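To start, the structure under review is shown below, and the notes come after it.
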Amino acid sequence: MERAEPGRPDRPAGRRGPPEPPGPVQPRERERSAWTGLRRPVRADMRLRELSLRQDPDLRQELASLARGCDFVLPSRFKKRLKAFQQVQAKKEQPLPPAASQSIPAFYFPRGRPTDTLHVDAVISKIERTFAQFPHERATMDDMGRVAKACGCPLYWKGPLFCSAGGERTGSVSVHKFVAMWRKILHNCHDDAAKFLHLLMNPGCNYLVQEDFVPFLQDVVNTHPGLAFLKEASEFHSRYITTVIQRIFYTVNRSWSGRITCAELRRSTFLQNVALLEEEADINQLTEYFSYEHFYVIYCKFWELDTDHDLLIDSQDLARHNDHAVSTKMIERIFSGAVTRGRKVQKEGKISYADFVWFLLSEEDKRTPTSIEYWFRCMDLDGDGALSMFELEYFYEEQCRRLDSMAIEALPFEDCLCQMLDLVKPQSDGKITLRDLKRCKLANVFFDTFFNIEKYLDHEQKEQVSLLRDSESEGPELSDWEKYAAEEYDILVAEEAAAEPWEDGYEAELSPVEQKLSSLRSPLAQRPFFEAPSALGAVDLYEYACEDDDLPPS
């Protein structure tokens, strides 16, 4: 028989006695009982504020822990958080003072700063009075010049205004349709850039592509007095228009996207040049976009390279430019698609006349932002946004070989690299970025050193101080492109004068295309060669008569 424990009376078997008195409560059990008493009011409070508490994820997590009976969340912390949350909710219910941003006036106007309604009504009234002077209040294309002036626009906006109002389809525009179109533009577009873009762009777009400029430029060709001689040669209209469009995108489309935005148009000088078309009768004075002499130079250079005259040139044709001055490696990079658009270059290995315009503008003036980007893209072989020493050496190797073939001692690459780094002064060691070259005032010297042998030798004959002095000259200095175009145009005039019939009856034979080009020169060029000699007036005519290589290909 087992012995009973002292202090605890034995209980007979099979008989239920009174319940045992509870023993001493353990500390953990005391804490759990306290939680049990606290849980009920907390859950009731949760039901009352369920919507508010859901907005606080941290508090919601703590309440979930309490519901599971966890003991790692202190009650005091819960109460403190709950009280703080209630204070925040009370503050939210109070009316807030007006925000400080409401007192800041609007400063961003992507379509220009809005004008008052009175101004719009006055313009519409003026337009209606102008239309009242036309038969049946309908305006033809010949009448749109007066309508453009009534709208307060430059004269050569008349083409876009006519097409935007639907006149291209019907041949005339009614006053009601035009007023509805122009009122909509005045309400939505508040500066010249936004209005011009809205007139030219396709519906649903907020940018301009190359085709959008064709009707506008065709009207310029048809009606500008400086291009009257071009009116009869319709086959050259598209070549001139293509050249102007490429020059517009070359200068205005700084993003290289092929789409001119309103911001890009606003930052450029294109609209100022459009306004000057009305004031300047000599189209050649507008050298930035519309000069016919510049078109003549570009097209003749392309015609010399395009031997089969299919308006496409391959790498061998382009390599002959300027007597093979550009290195072979750079020609390969141009045809790799680094600076050309479309798949024709990669598939057929040829570039179009539009691509050649970009090449010639970049080759003859390496100081402009677009030309610096053009050649930087070509030299950046791996596309990492920086020119490494390996990439510079890759292009310089061919320069050294060409100098050796000309019996000229080439500068070692290490010495050449030190000169170029001193010239550019890059911000980071071991690489040259696009920002470094744009900040450098002698980017043309840098690029010619690595892929243009003729211009590299010209720079070597000049001291760096004189080059820097030329780049920092103040005043309306002609750009490198304008100098090149003027010199080449004079040479073309001299060659044509040398090919004119002689007094002894000899007549030089010209191809039909050359005859057409000869007849299309501007009236300024239609002058006797000896009456108004140019800077090349001392050219020996006998030299041009005897050397067939200097004449255009027949």
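Letters A, B, ... mark the chains of the structure tokens in the order given; residue numbers begin at 1 per chain; ligand numbers begin at 1, in order shown.
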
- Item | Contact residues around stretch 376-382 of chain A with only C-alpha atoms at 12 Å, ignoring same-chain residues under 2 positions, as a VMD selection string | chain A and resid 256 327 329 to 340 359 362 366 369 to 374 384 to 396 431 to 438 443 to 444 446 to 448 450 to 451

- Note on the structure: Of A:Gln210, A:Gln285, A:Thr269, A:Asn188, the one nearest to A:Gln246 when counting only C-alpha atoms is A:Gln210

- Expected answer as a count of residues only: helix (DSSP H, G or I) residues in stretch 346-428 of chain A: 55

- Just give me the gap between atom CA of A:Gly152 and atom CA of A:Trp182 in Å, one decimal is fine.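 Between atom CA of A:Gly152 and atom CA of A:Trp182 the gap is 11.4 Å.
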
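Reported to one decimal place, the separation of atom CA of A:Asn222 from atom CA of A:Ser479 is 29.3 Å.
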
- Selection near stretch 211-216 of chain A, 6 Å with only C-alpha atoms, sequence-local residues under 3 positions removed, as an NGL selection string: :A and (159-160 or 200 or 219)

For the residues selected in the previous step, produce a file with C-alpha atoms as an mmCIF file, in the first residue's frame.
data_model
loop_
_atom_site.group_PDB
_atom_site.id
_atom_site.type_symbol
_atom_site.label_atom_id
_atom_site.label_comp_id
_atom_site.auth_asym_id
_atom_site.auth_seq_id
_atom_site.Cartn_x
_atom_site.Cartn_y
_atom_site.Cartn_z
ATOM 1 C CA GLY A 159 -0.241 76.172 -97.524
ATOM 2 C CA PRO A 160 -0.660 74.437 -94.153
ATOM 3 C CA LEU A 200 1.051 70.049 -90.268
ATOM 4 C CA ASP A 219 3.910 75.655 -101.817
#
